[in-house]
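Structure file query-v9.cif (mmCIF, C-alpha atoms and all ligand atoms) follows.
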```
data_model
#
loop_
_atom_site.label_atom_id
_atom_site.label_comp_id
_atom_site.auth_asym_id
_atom_site.auth_seq_id
_atom_site.Cartn_x
_atom_site.Cartn_y
_atom_site.Cartn_z
CA MET A 1 131.17 110.51 107.23
CA ASP A 2 129.14 112.36 109.77
CA ARG A 3 126.79 109.76 111.16
CA ALA A 4 124.97 112.38 113.19
CA THR A 5 123.44 113.72 110.01
CA ALA A 6 122.36 110.24 108.94
CA PHE A 7 118.69 110.23 108.36
CA ALA A 8 116.21 107.43 108.70
CA VAL A 9 112.59 106.84 107.97
CA SER A 10 111.65 105.17 111.21
CA SER A 11 109.38 102.18 111.08
CA ALA A 12 106.56 104.21 112.62
CA SER A 13 106.65 106.96 110.05
CA THR A 14 105.42 106.67 106.52
CA PRO A 15 107.66 105.52 103.66
CA VAL A 16 106.34 108.66 101.98
CA GLY A 17 109.00 110.38 104.11
CA ALA A 18 111.41 109.05 101.53
CA GLN A 19 109.63 111.04 98.84
CA SER A 20 111.30 114.33 99.72
CA ASP A 21 114.70 112.70 99.21
CA LEU A 22 113.85 111.30 95.82
CA PRO A 23 114.91 114.32 93.73
CA ASP A 24 118.30 114.31 95.53
CA LEU A 25 118.72 110.63 94.78
CA ALA A 26 117.63 111.06 91.16
CA ASN A 27 119.94 114.02 90.58
CA PHE A 28 122.97 112.48 92.24
CA ARG A 29 125.87 111.64 90.01
CA ASP A 30 129.41 110.61 90.82
CA THR A 31 131.52 110.68 87.68
CA ASN A 32 134.10 108.49 89.46
CA GLY A 33 131.47 105.76 89.60
CA HIS A 34 131.43 105.37 93.37
CA ALA A 35 127.74 105.85 94.15
CA VAL A 36 126.71 102.90 96.32
CA SER A 37 123.13 101.58 96.41
CA PHE A 38 122.28 98.85 98.88
CA PHE A 39 119.02 96.93 99.38
CA PHE A 40 118.68 94.06 101.80
CA SER A 41 115.97 92.01 103.46
CA VAL A 42 115.68 88.52 104.88
CA GLN A 43 112.35 86.76 104.68
CA SER A 44 112.97 84.46 107.60
CA ILE A 45 114.52 85.49 110.89
CA PRO A 46 118.03 84.10 110.97
CA ASP A 47 119.43 82.11 113.83
CA LYS A 48 120.76 84.51 116.44
CA SER A 49 124.06 82.77 117.01
CA HIS A 50 125.11 82.66 113.39
CA HIS A 51 124.69 86.22 112.16
CA THR A 52 123.61 84.88 108.79
CA GLU A 53 122.59 88.32 107.59
CA VAL A 54 126.04 89.78 108.21
CA THR A 55 127.64 86.92 106.29
CA LEU A 56 125.21 87.43 103.41
CA VAL A 57 125.97 91.13 103.20
CA ARG A 58 129.71 90.49 103.50
CA ASP A 59 129.44 88.15 100.49
CA LEU A 60 127.60 90.85 98.53
CA VAL A 61 130.32 93.37 99.37
CA ARG A 62 133.10 90.95 98.43
CA GLU A 63 131.46 90.20 95.09
CA GLU A 64 131.04 93.86 94.25
CA LEU A 65 134.54 94.84 95.37
CA HIS A 66 136.14 92.46 92.87
CA ARG A 67 135.78 95.29 90.40
CA PHE A 68 137.59 97.82 92.56
CA ASP A 69 140.87 98.31 94.32
CA THR A 70 139.83 99.67 97.69
CA ARG A 71 143.42 100.53 98.61
CA LYS A 72 143.21 103.16 95.88
CA ASP A 73 139.61 103.99 96.80
CA PRO A 74 139.50 104.45 100.56
CA ASP A 75 136.20 106.32 100.21
CA LEU A 76 134.57 103.29 98.70
CA ALA A 77 135.97 101.07 101.46
CA GLU A 78 134.36 103.48 103.93
CA ASP A 79 130.98 103.13 102.19
CA MET A 80 131.22 99.37 102.29
CA GLU A 81 131.86 99.54 106.04
CA ALA A 82 128.67 101.60 106.35
CA VAL A 83 126.78 98.99 104.34
CA LEU A 84 128.02 96.26 106.66
CA GLY A 85 126.87 98.42 109.54
CA ARG A 86 123.36 98.29 108.14
CA ALA A 87 123.54 94.50 108.14
CA GLU A 88 124.11 94.65 111.90
CA GLU A 89 120.78 96.49 112.22
CA VAL A 90 118.83 93.82 110.35
CA ARG A 91 118.15 91.89 113.53
CA GLU A 92 116.13 94.76 115.03
CA ASN A 93 113.44 94.16 112.45
CA PRO A 94 114.54 91.42 110.09
CA LEU A 95 111.65 91.58 107.63
CA TYR A 96 112.03 95.26 106.78
CA TRP A 97 114.11 96.34 103.85
CA ARG A 98 117.35 98.07 104.72
CA VAL A 99 118.15 100.61 102.05
CA ALA A 100 121.29 102.74 101.93
CA TYR A 101 122.54 105.25 99.41
CA ALA A 102 126.11 106.27 100.00
CA CYS A 103 128.94 108.15 98.39
CA HIS A 104 131.58 108.95 100.95
CA ARG A 105 133.65 110.93 98.46
CA LYS A 106 130.79 113.40 98.02
CA GLY A 107 129.55 113.19 101.60
CA PHE A 108 126.23 111.65 100.64
CA TRP A 109 124.47 109.22 102.95
CA ARG A 110 120.79 108.31 103.22
CA LYS A 111 119.19 105.30 104.75
CA PHE A 112 115.63 104.07 104.74
CA GLU A 113 113.61 101.27 106.17
CA LEU A 114 110.74 99.96 104.13
CA PRO A 115 108.21 97.35 105.29
CA ALA A 116 108.05 95.77 101.82
CA PRO A 117 106.86 92.16 101.79
CA LYS A 118 109.37 91.16 99.11
CA SER A 119 112.83 89.80 99.38
CA ILE A 120 115.85 91.59 98.01
CA ARG A 121 119.62 91.41 98.22
CA GLN A 122 121.36 93.89 96.00
CA LEU A 123 124.49 96.00 96.10
CA HIS A 124 125.42 98.26 93.25
CA VAL A 125 128.32 100.63 92.72
CA GLY A 126 128.14 103.02 89.79
CA GLU A 127 127.78 106.58 88.59
CA ARG A 128 124.13 106.78 89.68
CA PHE A 129 122.04 105.48 92.55
CA LEU A 130 119.61 102.69 91.68
CA LEU A 131 116.02 103.87 91.98
CA ALA A 132 114.01 100.96 90.56
CA PRO A 133 114.35 98.63 93.61
CA MET A 134 113.26 101.48 95.93
CA PHE A 135 110.13 102.19 93.87
CA TRP A 136 109.32 98.51 93.63
CA ALA A 137 109.33 98.42 97.44
CA LEU A 138 107.41 101.70 97.83
CA ASN A 139 104.63 100.40 95.58
CA PHE A 140 104.07 97.43 97.86
CA CYS A 141 103.99 99.78 100.87
CA THR A 142 101.26 102.13 99.62
CA PRO A 143 99.21 102.76 102.76
CA TYR A 144 95.57 101.77 103.08
CA VAL A 145 93.04 102.10 105.87
CA VAL A 146 91.13 99.24 107.46
CA LEU A 147 87.94 99.90 109.40
CA ILE A 148 86.40 97.08 111.43
CA PHE A 149 83.00 97.93 112.82
CA GLU A 150 79.94 96.59 114.56
CA ARG A 151 76.72 98.24 115.73
CA GLY A 152 78.22 100.92 117.99
CA ARG A 153 81.98 100.29 118.00
CA ALA A 154 84.81 100.37 115.51
CA ARG A 155 88.59 99.95 115.12
CA LEU A 156 90.78 101.77 112.64
CA PHE A 157 94.13 100.68 111.20
CA VAL A 158 96.65 101.84 108.64
CA VAL A 159 98.57 99.13 106.80
CA ARG A 160 101.83 99.75 104.93
CA GLY A 161 103.30 96.60 103.50
CA LEU A 162 104.25 94.45 106.49
CA GLN A 163 103.47 97.20 108.96
CA ILE A 164 100.12 97.79 110.65
CA GLN A 165 99.24 100.50 113.12
CA GLU A 166 96.01 100.91 115.06
CA PHE A 167 94.61 104.37 115.60
CA ASN A 168 92.64 104.67 118.79
CA GLY A 169 90.57 107.63 119.82
CA ARG A 170 89.77 108.80 116.31
CA LEU A 171 86.36 107.16 116.13
CA PRO A 172 82.97 107.80 117.77
CA LYS A 173 81.62 105.36 120.34
CA GLU A 174 77.94 104.70 120.80
CA ASN A 175 76.66 102.65 123.68
CA ILE A 176 73.70 101.13 122.00
CA THR A 177 72.84 98.64 124.71
CA LEU A 178 72.16 101.61 126.99
CA HIS A 179 69.53 102.90 124.65
CA VAL A 180 67.97 99.47 124.49
CA ARG A 181 67.76 99.26 128.27
CA ALA A 182 66.28 102.74 128.48
CA SER A 183 63.50 101.75 126.17
CA ARG A 184 62.77 98.40 127.78
CA SER A 185 59.21 99.37 128.65
CA GLU A 186 58.38 100.01 125.03
CA SER A 187 56.99 97.35 122.79
CA GLU A 188 59.45 94.91 121.19
CA LYS A 189 58.75 96.27 117.72
CA HIS A 190 59.23 99.86 118.76
CA ARG A 191 62.44 98.93 120.54
CA GLU A 192 63.87 97.32 117.43
CA HIS A 193 62.93 100.32 115.37
CA HIS A 194 64.56 102.58 117.95
CA LEU A 195 67.74 100.48 117.85
CA GLU A 196 67.84 100.51 114.08
CA GLY A 197 67.66 104.29 114.09
CA HIS A 198 70.60 104.46 116.49
CA VAL A 199 72.66 102.09 114.41
CA ARG A 200 72.01 104.16 111.31
CA VAL A 201 72.99 107.40 113.06
CA TYR A 202 76.09 105.72 114.47
CA LEU A 203 77.19 104.37 111.08
CA GLU A 204 76.74 107.76 109.46
CA LYS A 205 78.79 109.40 112.20
CA LEU A 206 81.44 106.71 111.76
CA ALA A 207 81.60 107.15 107.98
CA GLU A 208 82.06 110.90 108.43
CA LYS A 209 84.95 110.35 110.90
CA VAL A 210 86.62 107.96 108.50
CA ARG A 211 86.24 110.47 105.69
CA VAL A 212 87.99 113.10 107.83
CA PHE A 213 90.73 110.63 108.81
CA LEU A 214 91.43 109.74 105.16
CA ALA A 215 91.59 113.42 104.21
CA ASP A 216 93.83 114.36 107.18
CA GLU A 217 96.25 111.50 106.57
CA LYS A 218 96.08 111.88 102.76
CA LEU A 219 95.12 108.24 102.30
CA HIS A 220 93.12 107.01 99.35
CA GLN A 221 92.29 103.37 99.93
CA LEU A 222 89.86 101.82 102.39
CA VAL A 223 88.99 98.24 103.32
CA LEU A 224 85.88 97.63 105.41
CA GLY A 225 85.49 94.73 107.79
CA CYS A 226 82.02 93.87 109.07
CA ARG A 227 79.73 90.89 109.37
CA GLU A 228 77.67 90.23 106.28
CA ASP A 229 74.35 90.86 108.10
CA LEU A 230 75.52 94.36 109.08
CA TRP A 231 76.52 95.37 105.56
CA GLY A 232 72.89 95.90 104.57
CA ASP A 233 72.63 98.70 107.17
CA ALA A 234 76.11 100.04 106.50
CA LYS A 235 76.00 100.16 102.72
CA SER A 236 74.20 103.48 102.41
CA ALA A 237 76.39 105.18 105.07
CA PHE A 238 79.53 104.17 103.17
CA ALA A 239 78.08 104.64 99.68
CA GLU A 240 80.28 107.64 98.97
CA PHE A 241 83.44 105.60 99.48
CA GLU A 242 82.50 103.21 96.72
CA LYS A 243 83.81 105.66 94.15
CA GLY A 244 87.38 104.42 93.90
CA ILE A 245 88.30 104.62 97.59
CA LEU A 246 86.65 101.49 98.93
CA ILE A 247 88.91 98.77 97.55
CA GLY A 248 87.22 95.81 99.24
CA ARG A 249 85.40 94.21 102.16
CA PHE A 250 86.03 91.26 104.42
CA SER A 251 84.32 89.44 107.29
CA PRO A 252 86.51 89.76 110.40
CA SER A 253 87.14 86.52 112.29
CA GLY A 254 86.16 88.50 115.38
CA TYR A 255 85.95 92.10 116.53
CA ASP A 256 89.05 91.70 118.69
CA MET A 257 91.20 90.03 116.06
CA SER A 258 94.88 90.91 116.38
CA ALA A 259 96.51 93.56 114.22
CA THR A 260 98.60 90.85 112.54
CA GLU A 261 95.43 88.98 111.62
CA VAL A 262 93.88 92.18 110.28
CA ARG A 263 96.91 92.73 108.06
CA GLU A 264 96.90 89.13 106.83
CA ALA A 265 93.18 89.25 106.05
CA THR A 266 93.36 92.52 104.12
CA TYR A 267 96.72 92.59 102.30
CA PRO A 268 95.43 90.21 99.57
CA ILE A 269 92.59 92.71 98.98
CA PHE A 270 95.19 95.47 98.53
CA GLU A 271 97.19 93.28 96.12
CA ASP A 272 94.10 92.37 94.16
CA ASN A 273 93.25 96.05 93.86
CA ARG A 274 96.79 96.78 92.59
CA ARG A 275 96.25 94.28 89.79
CA LYS A 276 92.80 95.58 88.93
CA SER A 277 93.70 99.26 88.95
CA GLY A 278 96.83 98.49 86.90
CA ALA A 279 94.70 96.71 84.28
CA THR A 280 92.19 99.59 84.25
CA LEU A 281 94.92 102.20 83.83
CA LEU A 282 96.46 100.22 80.97
CA GLU A 283 93.08 100.02 79.28
CA ILE A 284 92.70 103.81 79.51
CA ILE A 285 96.24 104.36 78.16
CA ARG A 286 95.71 101.98 75.24
CA GLY A 287 92.19 103.21 74.56
CA GLU A 288 93.13 106.85 74.18
CA PRO A 289 96.33 107.17 72.13
CA ALA A 290 96.17 110.96 72.41
CA HIS A 291 96.49 110.74 76.21
CA GLY A 292 98.76 107.75 76.47
CA ALA A 293 102.17 106.46 75.44
CA VAL A 294 103.30 102.85 75.16
CA GLY A 295 106.85 101.55 74.88
CA VAL A 296 110.19 102.75 76.26
CA GLN A 297 110.98 105.13 73.38
CA ALA A 298 107.57 106.88 73.31
CA VAL A 299 107.36 107.12 77.11
CA THR A 300 110.88 108.60 77.30
CA GLU A 301 109.93 111.29 74.81
CA ARG A 302 106.74 112.22 76.69
CA LEU A 303 108.64 112.27 80.01
CA ILE A 304 111.19 114.69 78.60
CA GLU A 305 108.33 116.94 77.48
CA GLY A 306 107.05 116.84 81.09
CA ARG A 307 103.73 115.44 79.92
CA VAL A 308 103.59 112.22 81.94
CA GLN A 309 101.12 112.08 84.82
CA LYS A 310 101.50 108.37 85.61
CA LEU A 311 104.39 106.16 84.62
CA MET A 312 103.58 102.46 84.55
CA LEU A 313 106.39 99.91 84.55
CA GLY A 314 105.91 96.15 84.28
CA LYS A 315 108.76 93.71 84.83
CA PRO A 316 110.76 92.96 82.81
CA VAL A 317 111.44 96.42 81.42
CA ASP A 318 113.81 95.62 78.57
CA GLY A 319 115.86 98.08 76.60
CA GLU A 320 117.87 101.14 77.40
CA VAL A 321 117.64 104.89 77.28
CA ASN A 322 120.58 107.19 76.68
CA GLU A 323 122.38 109.36 79.15
CA CYS A 324 124.75 112.15 78.19
CA ASP A 325 128.34 111.71 79.44
CA ASN A 326 128.61 115.46 79.80
CA CYS A 327 125.35 116.81 81.28
CA GLY A 328 124.07 113.46 82.56
CA ARG A 329 120.55 113.95 81.25
CA VAL A 330 118.28 111.13 80.12
CA GLN A 331 117.08 111.00 76.54
CA PRO A 332 115.67 108.60 73.96
CA ARG A 333 118.07 106.09 72.47
CA LYS A 334 118.87 107.32 69.01
CA GLY A 335 121.88 108.42 67.03
CA GLY A 336 123.15 111.98 67.21
CA PRO A 337 124.34 114.33 69.90
CA CYS A 338 122.80 115.11 73.31
CA ILE A 339 119.50 116.92 72.81
CA TYR A 340 120.41 119.35 75.62
CA CYS A 341 124.12 120.15 75.34
CA LEU A 342 124.99 118.71 71.90
CA ASN A 343 127.80 116.66 73.41
CA THR A 344 128.38 113.65 71.17
CA SER A 345 129.26 110.97 73.71
CA LEU A 346 126.27 109.21 75.25
CA HIS A 347 125.95 105.90 77.04
CA GLY A 348 123.05 103.52 77.58
CA VAL A 349 121.37 102.97 80.95
CA ALA A 350 118.72 100.40 81.91
CA ALA A 351 115.33 101.69 80.73
CA ASP A 352 113.60 101.38 84.11
CA GLU A 353 116.32 103.40 85.85
CA GLY A 354 116.30 106.13 83.22
CA LEU A 355 112.50 106.37 83.08
CA ILE A 356 112.11 106.44 86.86
CA ARG A 357 114.77 109.11 87.22
CA GLN A 358 113.08 111.29 84.61
CA ALA A 359 109.67 110.66 86.22
CA VAL A 360 110.96 111.74 89.65
CA LEU A 361 112.38 114.93 88.16
CA THR A 362 109.09 115.78 86.40
CA ASN A 363 106.76 114.84 89.30
CA ALA A 364 105.12 111.92 87.58
CA GLU A 365 103.51 109.22 89.69
CA ILE A 366 105.44 105.93 89.41
CA LEU A 367 103.59 102.62 89.44
CA THR A 368 105.59 99.40 89.23
CA PHE A 369 104.24 95.92 88.61
CA ASP A 370 105.70 92.46 88.85
CA GLU A 371 105.84 90.17 85.86
CA GLY A 372 102.31 88.99 85.05
CA GLU A 373 100.72 91.12 87.75
CA VAL A 374 98.85 93.08 85.11
CA PRO A 375 97.95 90.56 82.39
CA VAL A 376 99.97 90.87 79.17
CA PHE A 377 101.82 93.94 80.38
CA SER A 378 105.56 94.40 80.54
CA GLY A 379 107.78 97.33 79.71
CA ALA A 380 106.63 100.94 79.94
CA ALA A 381 103.37 102.84 79.46
CA ALA A 382 102.27 106.31 80.50
CA LEU A 383 99.12 108.30 81.09
CA LEU A 384 99.65 111.86 79.88
CA ARG A 385 98.70 115.10 81.60
CA TYR A 386 97.49 116.67 78.35
ZN ZN A 401 124.23 116.60 77.44
#
```

Take the structure in this file and express it as structure tokens.
Amino acid sequence: MDRATAFAVSSASTPVGAQSDLPDLANFRDTNGHAVSFFFSVQSIPDKSHHTEVTLVRDLVREELHRFDTRKDPDLAEDMEAVLGRAEEVRENPLYWRVAYACHRKGFWRKFELPAPKSIRQLHVGERFLLAPMFWALNFCTPYVVLIFERGRARLFVVRGLQIQEFNGRLPKENITLHVRASRSESEKHREHHLEGHVRVYLEKLAEKVRVFLADEKLHQLVLGCREDLWGDAKSAFAEFEKGILIGRFSPSGYDMSATEVREATYPIFEDNRRKSGATLLEIIRGEPAHGAVGVQAVTERLIEGRVQKLMLGKPVDGEVNECDNCGRVQPRKGGPCIYCLNTSLHGVAADEGLIRQAVLTNAEILTFDEGEVPVFSGAAALLRY
């Protein structure tokens, strides 16, 4: 395996970088059944001297290899070595997911790092790569912007799962105290009025900069942090964001709060918004049967027609879809030959894997939810394009 061509989404770049690889992953098929998918994270930093994470991964590998004879499959042994190599990297950033997709026989190797705040330990060897765990992680790493502001200064952050990054130099600064001093000779009332005007102008300028930042970075969710007494002044400047982009507000513990504190204070707002927007989407899907599909069978059919705009999956997604042994294409589970090539041998695959693969190949947005995250929703639902 040529490690020089190995590709990584670095922790500083967006997990969206993985998006361009998704069609490759979805299309990949090894009829020998040696496609390796590996997902690993540790939620607490293991003791340095014990290399706990390496032991854990070694156990996973041993368990999975029971099914294979690696003396006859040297390629697979090679892939497992690569997986163990990833375990060695865990220590660099223990909380991040290590993801690897490997098939040495076909020269395929991709690795990703995802700052997903969930724990996972999974190794799978089969004909296809597993996509569901990757999407589960991606959904908890959807980026959102946090703006903390006062009268005349502001800080801007982007949060992705466990990761938070501050963006300096993208915001206007207004030295309001200077204006106050300049107008010291004026009456107190006039001075206050003057100050108010400056604050208003500043907040409008700030809102405009944030709008540009969101557009440039293609981000769609914003959390505002300001003291309650300032919100009265700020509300009108940020009114435009209320339409779907502003997902919540919080009172910062202080203007200089650490990035970690900012993430901790705002991630619950992001999670709450996930739940709410999931419930709203489900309501739309159920309310308009002509533009929605519910259930694995119906959603599979709409996906094959290329009509799905948003695929919604709630754990557990029970059931299976069919895959053709010959052409490898996903189709609804019913008797009869392959709907594409008329081959008569088909096999079942887990519904979530089949639906996600078909969604990737037809450019549908994929939204995954944990059990109970959206009330009374499990399985599959879809919002249709037409
Ligand atoms: Zn077929």

| task | Show me which residues sit within 7 Å of ligand ZN 401 (chain A) when counting only C-alpha atoms and all ligand atoms, and put them as a PyMOL selection string. | result | chain A and resi 324-329+338-343

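Candidate residues A:Arg200, A:His34, A:Arg170, A:Arg263 were compared for distance to A:His124, and the nearest is A:His34, using all atoms listed in the file.
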
| request: Skip stretch 73-86 of chain A itself and residues of its chain fewer than 4 positions away, then list as number ranges by chain all residues within 10 Å of it, counting all atoms listed in the file. | output: A: 1, 3, 33-40, 53-58, 60-62, 64-65, 68-69, 90-91, 98-109, 111, 123, 125

| task | Using atom CA of A:Phe270 and atom CA of A:Leu95 as the two end points, give the distance in Å to one decimal. | result |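 Separating atom CA of A:Phe270 from atom CA of A:Leu95 is a distance of 19.2 Å.
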
Compile the contact shell of stretch 293-299 of chain A as a PDB file with C-alpha atoms, in the frame of the given file: residues with an atom at most 8 Å away, counting all atoms listed in the file, same-chain residues fewer than 2 positions apart removed.
```
ATOM      1  CA  ILE A 285      96.240 104.360  78.160  1.00  0.00           C
ATOM      2  CA  ARG A 286      95.710 101.980  75.240  1.00  0.00           C
ATOM      3  CA  PRO A 289      96.330 107.170  72.130  1.00  0.00           C
ATOM      4  CA  HIS A 291      96.490 110.740  76.210  1.00  0.00           C
ATOM      5  CA  GLU A 301     109.930 111.290  74.810  1.00  0.00           C
ATOM      6  CA  ARG A 302     106.740 112.220  76.690  1.00  0.00           C
ATOM      7  CA  LEU A 303     108.640 112.270  80.010  1.00  0.00           C
ATOM      8  CA  VAL A 308     103.590 112.220  81.940  1.00  0.00           C
ATOM      9  CA  GLY A 319     115.860  98.080  76.600  1.00  0.00           C
ATOM     10  CA  GLU A 320     117.870 101.140  77.400  1.00  0.00           C
ATOM     11  CA  VAL A 321     117.640 104.890  77.280  1.00  0.00           C
ATOM     12  CA  PRO A 332     115.670 108.600  73.960  1.00  0.00           C
ATOM     13  CA  ARG A 333     118.070 106.090  72.470  1.00  0.00           C
ATOM     14  CA  ALA A 351     115.330 101.690  80.730  1.00  0.00           C
ATOM     15  CA  LEU A 355     112.500 106.370  83.080  1.00  0.00           C
ATOM     16  CA  GLY A 379     107.780  97.330  79.710  1.00  0.00           C
ATOM     17  CA  ALA A 380     106.630 100.940  79.940  1.00  0.00           C
ATOM     18  CA  ALA A 381     103.370 102.840  79.460  1.00  0.00           C
ATOM     19  CA  ALA A 382     102.270 106.310  80.500  1.00  0.00           C
ATOM     20  CA  LEU A 383      99.120 108.300  81.090  1.00  0.00           C
ATOM     21  CA  LEU A 384      99.650 111.860  79.880  1.00  0.00           C
TER      22      LEU A 384
END
```

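Between atom CA of A:Ala215 and atom CA of A:Val159 the separation is 16.1 Å.
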
| field | Nearest to A:Asn273, chosen from A:Leu195, A:Ala350, A:Ile356, A:Val374, with all atoms listed in the file counted in the distances | value |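 Ranked by minimum distance to A:Asn273, first place goes to A:Val374.
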
| Of the candidates A:Pro316, A:Pro94, A:Gly126, A:Gly152, which one gets nearest to A:His51 if we count all atoms listed in the file? |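 Closest to A:His51 of all the choices is A:Pro94.
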
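Here atom CA of A:Leu222 and atom CA of A:Ile148 stand 10.8 Å from one another.
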
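Ranking A:Val212, A:Leu282, A:Val330, A:Leu367 by their shortest atom-to-atom distance to A:Asn27, with only C-alpha atoms included, puts A:Val330 first.
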
| message | Need the shell around stretch 114-121 of chain A: protein/DNA/RNA residues with any atom at most 7 Å away, counting only C-alpha atoms. Skip same-chain ones fewer than 4 positions apart. Format as a list in words? | response | Pro15, Phe39, Phe40, Ser41, Val42, Gln43, Tyr96, Trp97, Arg98, Ala137, Phe140, Cys141, Arg160, Gly161, Leu162 and Gln163 of chain A

| query | Can you list, as a PyMOL selection string, every protein, DNA or RNA residue that comes within 12 Å of A:Asp256 when you count all atoms listed in the file, leaving out same-chain residues fewer than 5 positions away? | reply | chain A and resi 148-150+153-156+225+261-262

For the residues selected in the previous step, produce a file with C-alpha atoms as a PDB file, in the frame of the given file.
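As written to disk, again10.pdb reads:
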```pdb
ATOM      1  CA  ILE A 148      86.400  97.080 111.430  1.00  0.00           C
ATOM      2  CA  PHE A 149      83.000  97.930 112.820  1.00  0.00           C
ATOM      3  CA  GLU A 150      79.940  96.590 114.560  1.00  0.00           C
ATOM      4  CA  ARG A 153      81.980 100.290 118.000  1.00  0.00           C
ATOM      5  CA  ALA A 154      84.810 100.370 115.510  1.00  0.00           C
ATOM      6  CA  ARG A 155      88.590  99.950 115.120  1.00  0.00           C
ATOM      7  CA  LEU A 156      90.780 101.770 112.640  1.00  0.00           C
ATOM      8  CA  GLY A 225      85.490  94.730 107.790  1.00  0.00           C
ATOM      9  CA  GLU A 261      95.430  88.980 111.620  1.00  0.00           C
ATOM     10  CA  VAL A 262      93.880  92.180 110.280  1.00  0.00           C
TER      11      VAL A 262
END
```

For stretch 44-85 of chain A in the structure I just supplied, write out C-alpha atoms - as a short mmCIF file (atom, residue, chain, number, x, y, z; two decimals), in the first residue's frame.
```cif
data_model
loop_
_atom_site.label_atom_id
_atom_site.label_comp_id
_atom_site.auth_asym_id
_atom_site.auth_seq_id
_atom_site.Cartn_x
_atom_site.Cartn_y
_atom_site.Cartn_z
CA SER A 44 -11.46 9.06 28.23
CA ILE A 45 -7.75 9.54 27.67
CA PRO A 46 -6.06 6.24 28.43
CA ASP A 47 -3.10 5.88 30.72
CA LYS A 48 0.05 6.57 28.73
CA SER A 49 2.02 3.60 29.98
CA HIS A 50 -0.58 0.99 29.14
CA HIS A 51 -1.48 1.68 25.52
CA THR A 52 -5.06 0.69 26.28
CA GLU A 53 -6.25 1.86 22.89
CA VAL A 54 -3.84 -0.41 21.02
CA THR A 55 -4.98 -3.38 23.10
CA LEU A 56 -8.63 -2.53 22.40
CA VAL A 57 -8.05 -2.34 18.67
CA ARG A 58 -5.98 -5.54 18.73
CA ASP A 59 -8.94 -7.29 20.38
CA LEU A 60 -11.27 -5.97 17.68
CA VAL A 61 -8.93 -7.25 14.97
CA ARG A 62 -8.59 -10.65 16.63
CA GLU A 63 -12.36 -11.01 16.92
CA GLU A 64 -12.92 -10.12 13.29
CA LEU A 65 -10.10 -12.31 11.99
CA HIS A 66 -11.70 -15.44 13.48
CA ARG A 67 -13.71 -15.57 10.29
CA PHE A 68 -10.69 -15.46 8.01
CA ASP A 69 -7.48 -17.31 7.37
CA THR A 70 -4.96 -14.52 6.94
CA ARG A 71 -2.29 -16.92 5.70
CA LYS A 72 -4.48 -17.35 2.63
CA ASP A 73 -5.41 -13.66 2.64
CA PRO A 74 -2.18 -11.70 3.01
CA ASP A 75 -3.94 -8.59 1.70
CA LEU A 76 -6.37 -8.68 4.57
CA ALA A 77 -3.52 -9.13 7.05
CA GLU A 78 -1.96 -6.02 5.53
CA ASP A 79 -5.18 -4.05 6.07
CA MET A 80 -5.36 -5.15 9.66
CA GLU A 81 -1.80 -3.90 10.19
CA ALA A 82 -2.92 -0.53 8.81
CA VAL A 83 -5.86 -0.51 11.22
CA LEU A 84 -3.52 -1.18 14.13
CA GLY A 85 -1.40 1.68 12.85
#
```
